[in-house]
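*Asks:* Pasting run13.txt here (compact mmCIF, C-alpha atoms and all ligand atoms):
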# COMPACT_ATOMS: atom_id res chain seq x y z
CA MET A 1146 12.57 -50.94 -24.13
CA PRO A 1147 9.44 -48.98 -23.37
CA VAL A 1148 9.08 -45.58 -24.94
CA ALA A 1149 9.75 -42.89 -22.38
CA ILE A 1150 6.75 -40.69 -21.92
CA ALA A 1151 7.46 -37.25 -20.58
CA GLU A 1152 5.19 -37.29 -17.59
CA LYS A 1153 4.55 -34.01 -15.84
CA LEU A 1154 4.53 -34.17 -12.08
CA CYS A 1155 2.49 -32.07 -9.70
CA LEU A 1156 4.65 -29.28 -8.22
CA GLU A 1157 3.05 -29.81 -4.82
CA CYS A 1158 2.70 -33.55 -4.26
CA GLY A 1159 4.87 -34.96 -7.03
CA GLU A 1160 2.15 -37.18 -8.44
CA PRO A 1161 1.80 -37.46 -12.22
CA ILE A 1162 -0.59 -34.98 -13.77
CA LYS A 1163 -3.34 -36.33 -15.96
CA GLY A 1164 -4.80 -34.34 -18.80
CA ARG A 1165 -3.49 -31.15 -20.35
CA THR A 1166 0.27 -30.89 -20.53
CA ASP A 1167 0.34 -27.23 -19.47
CA LYS A 1168 -1.02 -28.01 -16.03
CA LYS A 1169 1.37 -27.71 -13.10
CA PHE A 1170 -0.77 -29.34 -10.42
CA CYS A 1171 -2.75 -32.55 -10.16
CA SER A 1172 -5.66 -30.85 -8.41
CA ASP A 1173 -7.04 -27.54 -7.21
CA ALA A 1174 -6.17 -28.58 -3.67
CA CYS A 1175 -2.51 -29.01 -4.56
CA ARG A 1176 -2.45 -25.68 -6.41
CA ASN A 1177 -3.91 -23.94 -3.36
CA ILE A 1178 -1.45 -25.54 -0.94
CA TYR A 1179 1.46 -24.65 -3.21
CA HIS A 1180 0.43 -21.01 -3.46
CA TYR A 1181 -0.23 -20.85 0.27
CA HIS A 1182 3.36 -21.90 0.97
CA ALA A 1183 4.71 -19.70 -1.79
CA ASN A 1184 3.24 -16.76 0.10
CA ASN A 1185 4.43 -18.06 3.43
CA ALA A 1186 4.57 -15.04 5.74
CA PRO A 1187 7.44 -16.15 8.02
CA ILE A 1188 9.61 -17.08 5.05
CA ASN A 1189 8.85 -13.77 3.34
CA TYR A 1190 9.56 -11.92 6.56
CA VAL A 1191 12.99 -13.54 6.93
CA ARG A 1192 13.79 -12.85 3.30
CA ASN A 1193 12.80 -9.19 3.67
CA VAL A 1194 14.89 -8.69 6.81
CA VAL A 1195 17.91 -10.34 5.21
CA ASN A 1196 17.51 -8.03 2.23
CA ILE A 1197 17.32 -4.99 4.51
CA LEU A 1198 20.49 -6.09 6.32
CA LYS A 1199 22.29 -6.57 3.03
CA ARG A 1200 21.20 -3.15 1.85
CA ASN A 1201 22.30 -1.57 5.15
CA ARG A 1202 25.69 -3.23 4.80
CA ARG A 1203 26.01 -2.00 1.22
CA VAL A 1204 25.09 1.58 2.19
CA LEU A 1205 27.70 1.57 4.98
CA SER A 1206 30.38 0.06 2.77
CA GLU A 1207 29.74 2.53 -0.06
CA LEU A 1208 29.89 5.52 2.27
CA ASN A 1209 32.91 4.29 4.24
CA ASP A 1210 35.48 5.25 1.64
CA GLY A 1211 37.93 7.22 3.75
CA ARG A 1212 40.66 6.14 6.13
CA GLU A 1213 39.32 3.57 8.57
CA GLY A 1214 37.39 5.13 11.44
CA THR A 1215 37.50 8.66 10.09
CA LYS A 1216 34.49 8.85 7.81
CA LYS A 1217 31.64 10.84 9.28
CA VAL A 1218 28.19 10.88 7.76
CA HIS A 1219 24.93 12.56 8.56
CA ARG A 1220 21.79 10.53 9.15
CA ASP A 1221 20.16 12.07 6.07
CA LYS A 1222 22.84 10.59 3.84
CA LEU A 1223 22.19 7.11 5.21
CA VAL A 1224 18.44 7.46 4.99
CA GLU A 1225 18.55 8.85 1.49
CA ARG A 1226 20.41 5.71 0.39
CA GLY A 1227 17.81 3.49 1.99
CA TYR A 1228 19.45 2.71 5.31
CA ASN A 1229 17.01 1.18 7.80
CA PHE A 1230 17.96 1.89 11.43
CA MET A 1231 15.59 -0.73 12.73
CA TYR A 1232 17.79 -3.66 11.69
CA HIS A 1233 21.37 -4.63 12.49
CA THR A 1234 23.29 -7.84 13.10
CA ASN A 1235 25.09 -7.04 16.33
CA ILE A 1236 26.07 -4.37 18.82
CA TYR A 1237 29.52 -3.83 20.26
CA ARG A 1238 29.88 -1.86 23.47
CA THR A 1239 33.32 -0.64 24.46
CA LYS A 1240 34.55 -0.32 28.03
CA ALA A 1241 34.48 3.43 27.53
CA GLY A 1242 30.75 3.16 26.98
CA ASN A 1243 30.61 3.68 23.24
CA THR A 1244 28.10 1.59 21.34
CA TYR A 1245 28.88 0.44 17.83
CA VAL A 1246 26.06 -0.89 15.71
CA PHE A 1247 26.97 -3.38 13.00
CA CYS A 1248 25.46 -4.80 9.86
CA PHE A 1249 27.85 -7.67 9.27
CA GLU A 1250 31.42 -6.28 9.23
CA HIS A 1251 30.32 -2.68 8.64
CA GLY A 1252 29.06 -0.49 11.42
CA TYR A 1253 28.79 2.93 12.92
CA LEU A 1254 29.21 4.83 16.14
CA GLU A 1255 26.68 7.55 16.80
CA LEU A 1256 28.72 10.65 17.64
CA SER A 1257 25.99 13.09 18.37
CA GLU A 1258 22.45 13.39 17.24
CA ASN A 1259 22.35 12.56 13.51
CA TRP A 1260 26.11 12.20 13.04
CA PHE A 1261 27.89 8.87 12.72
CA THR A 1262 31.44 7.63 12.34
CA LEU A 1263 31.62 4.62 10.04
CA VAL A 1264 33.77 1.66 10.98
CA ARG A 1265 34.66 -1.74 9.65
CA ARG A 1266 35.75 -4.83 11.55
CA ASP A 1267 37.54 -7.13 9.18
CA GLU A 1268 38.01 -9.69 11.94
CA TYR A 1269 34.29 -10.44 11.67
CA LEU A 1270 34.97 -11.87 8.25
CA GLU A 1271 37.04 -14.60 9.89
CA ARG A 1272 34.02 -15.79 11.84
CA SER A 1273 32.34 -17.37 8.92
CA GLY A 1274 31.26 -20.52 10.72
CA ASP A 1275 32.52 -23.64 12.35
CA SER A 1276 33.48 -25.44 9.18
CA LYS A 1277 36.74 -23.55 8.85
CA PRO A 1278 39.72 -25.84 9.46
CA ASP A 1279 42.41 -24.77 11.92
ZN ZN B 1301 -0.76 -32.87 -6.46
Give the structure from this file in structure tokens form.

*Replies:*
Amino acid sequence: MPVAIAEKLCLECGEPIKGRTDKKFCSDACRNIYHYHANNAPINYVRNVVNILKRNRRVLSELNDGREGTKKVHRDKLVERGYNFMYHTNIYRTKAGNTYVFCFEHGYLELSENWFTLVRRDEYLERSGDSKPD
């Protein structure tokens, strides 16, 4: 049986690396391509937005600690906890003309300028995809 030699492979192209064992890439070209993709703007953008949405959801869930649909908060309280009003997952408009803004299952209804009622729609949690068996 041949002796197994721990061969390091290039992180970009997967080819074996010759020379020093601390190298991660077979060539400068591969290192550049790898770092270019590592700093991929669209991927970073998506990751940042997802993180904002998660933080928004967390802020709403932490503040919504009263009886469902009764908790009122001022805009300052949301902003001070890092809420970002630019991003949400969906909007729900009632027949009465009220508009609820949601970040996942947590949301709010703007009552008047700067005041919000916090709400939660647990039924959203059921819509976790198409893989759920009947
Ligand atoms: Zn390579």

*Asks:* For ligand ZN 1301 (chain B), which residue among A:Asn1235, A:Asn1259, A:Thr1166, A:Ser1172 is the nearest when counting only C-alpha atoms and all ligand atoms?

*Replies:*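 Using only C-alpha atoms and all ligand atoms, the shortest distance to ligand ZN 1301 (chain B) belongs to A:Ser1172.
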
*Asks:* Smallest atom-to-atom distance to A:Leu1254: which of A:Asn1196, A:Thr1234, A:Thr1239, A:Asn1229, using all atoms listed in the file?

*Replies:* A:Thr1239

*Asks:* Taking all atoms listed in the file into account, name the residue in A:Asp1267, A:Glu1250, A:Arg1200, A:Thr1244 that is nearest to A:Arg1226.

*Replies:*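 Checking each of A:Asp1267, A:Glu1250, A:Arg1200, A:Thr1244 against A:Arg1226, counting all atoms listed in the file, the winner is A:Arg1200.
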
*Asks:* For ligand ZN 1301 (chain B), return the neighbouring residues as number ranges by chain (distance at most 10 Å; all atoms listed in the file).

*Replies:* A: 1154-1162, 1169-1179

*Asks:* With only C-alpha atoms as the atoms that count, which of A:Arg1202, A:Lys1240, A:Arg1165, A:Arg1192 lies nearest to A:Arg1265?

*Replies:* A:Arg1202

*Asks:* Leaving out A:Gly1214 and any residue of its chain fewer than 6 positions from it, which residues lie within 7 Å of it when counting all atoms listed in the file, given as a list of chain:residue names?

*Replies:* A:Thr1262, A:Leu1263, A:Val1264

*Asks:* Could you pull the residues within 12 Å of stretch 1219-1222 of chain A, counting all atoms listed in the file, minus those fewer than 4 positions along the same chain, as a compact mmCIF listing (two decimals) with C-alpha atoms, in the frame of the given file?

*Replies:*
# COMPACT_ATOMS: atom_id res chain seq x y z
CA VAL A 1204 25.09 1.58 2.19
CA LEU A 1205 27.70 1.57 4.98
CA GLU A 1207 29.74 2.53 -0.06
CA LEU A 1208 29.89 5.52 2.27
CA ASN A 1209 32.91 4.29 4.24
CA ARG A 1226 20.41 5.71 0.39
CA GLY A 1227 17.81 3.49 1.99
CA TYR A 1228 19.45 2.71 5.31
CA ASN A 1229 17.01 1.18 7.80
CA PHE A 1230 17.96 1.89 11.43
CA TYR A 1253 28.79 2.93 12.92
CA LEU A 1254 29.21 4.83 16.14
CA GLU A 1255 26.68 7.55 16.80
CA LEU A 1256 28.72 10.65 17.64
CA SER A 1257 25.99 13.09 18.37
CA GLU A 1258 22.45 13.39 17.24
CA ASN A 1259 22.35 12.56 13.51
CA TRP A 1260 26.11 12.20 13.04
CA PHE A 1261 27.89 8.87 12.72
CA THR A 1262 31.44 7.63 12.34
CA LEU A 1263 31.62 4.62 10.04

*Asks:* One decimal, Å: what's the distance from atom CA of A:Leu1270 over to atom CA of A:Phe1249, could you say?

*Replies:*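 Taking atom CA of A:Leu1270 and atom CA of A:Phe1249, their separation equals 8.3 Å.
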